[in-house]
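First up is the structure itself, then whatever we jot down about it.
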Amino acid sequence: MQRIEPILGVGSAVALFIMMALTFCDVIARKLIGNSIIGATELTELLMLLTIFLGLPLTSLRGEHVVFDLIDAWLPSWGRRLQHRVAHLVCIAALLGASWLVEIRAMRT
């Protein structure tokens, strides 16, 4: 996991920077030339998704996501471990499903 974390972090940062630069250039082009960059909106959408989906695994790996621990005090330690594993499996399934949808959209674009 220590090898994956820097890749995900740098990838997310690069996607965010490209999105920022693209938006900046698009606004400048609209003001100076009167036309925006072709496909800038679609690229921005895809870069936003890339930023999110590279950042979410980092958040889960580090345990920095928002936690609602209403029942944690009443659960035994094995119940909390089971709850965490189920939550991670649900997150993995959601990310895989969303990634599949993003890939379909990217290929169509």
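Residue numbers start at 1 in each chain; chains themselves are named A, B, ... in the order of the structure tokens; ligands are numbered from 1 in the order shown.
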
Skip Leu49 in chain A itself and residues of its chain fewer than 5 positions away, then list as number ranges by chain all residues within 10 Å of it, counting only C-alpha atoms. A: 12, 15-16, 43-44, 54-55, 98-99, 102

Saved selection, atoms kept: C-alpha atoms, as a PDB file, in the first residue's frame:
ATOM      1  CA  SER A  12      -5.058  13.247  -8.065  1.00  0.00           C
ATOM      2  CA  ALA A  15      -5.596  15.835 -12.495  1.00  0.00           C
ATOM      3  CA  LEU A  16      -6.613  18.762 -10.283  1.00  0.00           C
ATOM      4  CA  LEU A  43     -12.567  17.185 -20.080  1.00  0.00           C
ATOM      5  CA  THR A  44     -13.246  19.092 -16.870  1.00  0.00           C
ATOM      6  CA  LEU A  54      -7.989   8.784  -7.069  1.00  0.00           C
ATOM      7  CA  GLY A  55      -8.579  10.630  -3.801  1.00  0.00           C
ATOM      8  CA  ALA A  98     -18.689   4.190 -10.651  1.00  0.00           C
ATOM      9  CA  SER A  99     -15.386   3.526 -12.424  1.00  0.00           C
ATOM     10  CA  VAL A 102     -16.955   6.665 -15.997  1.00  0.00           C
TER      11      VAL A 102
END

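With CA of Asp26 in chain A on one side and CA of Met107 in chain A on the other, the separation reads 22.9 Å.
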
Taking the chain letters and numbering used in this document, name the residues of chain A that DSSP puts in alpha helix (DSSP H), as an NGL selection string. :A and (4-32 or 40-62 or 77-108)

Using CA of Ala13 in chain A and CA of Ala87 in chain A as the two end points, give the distance in Å to one decimal. 26.1 Å

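For Thr59 in chain A, the list of residues within 12 Å, based on only C-alpha atoms and with local chain neighbours fewer than 5 positions off taken out, reads Glu5, Leu8, Gly9, Ser12, Ile52, Phe53, Leu54, Glu64, His65, Val66, Val67, His88 and Cys91 of chain A.
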
At a cut-off of 12 Å, using only C-alpha atoms, what residues contact Thr109 in chain A? Leave out same-chain residues fewer than 6 positions from it and give the result as a PyMOL selection string. chain A and resi 39-43+45-46+102-103
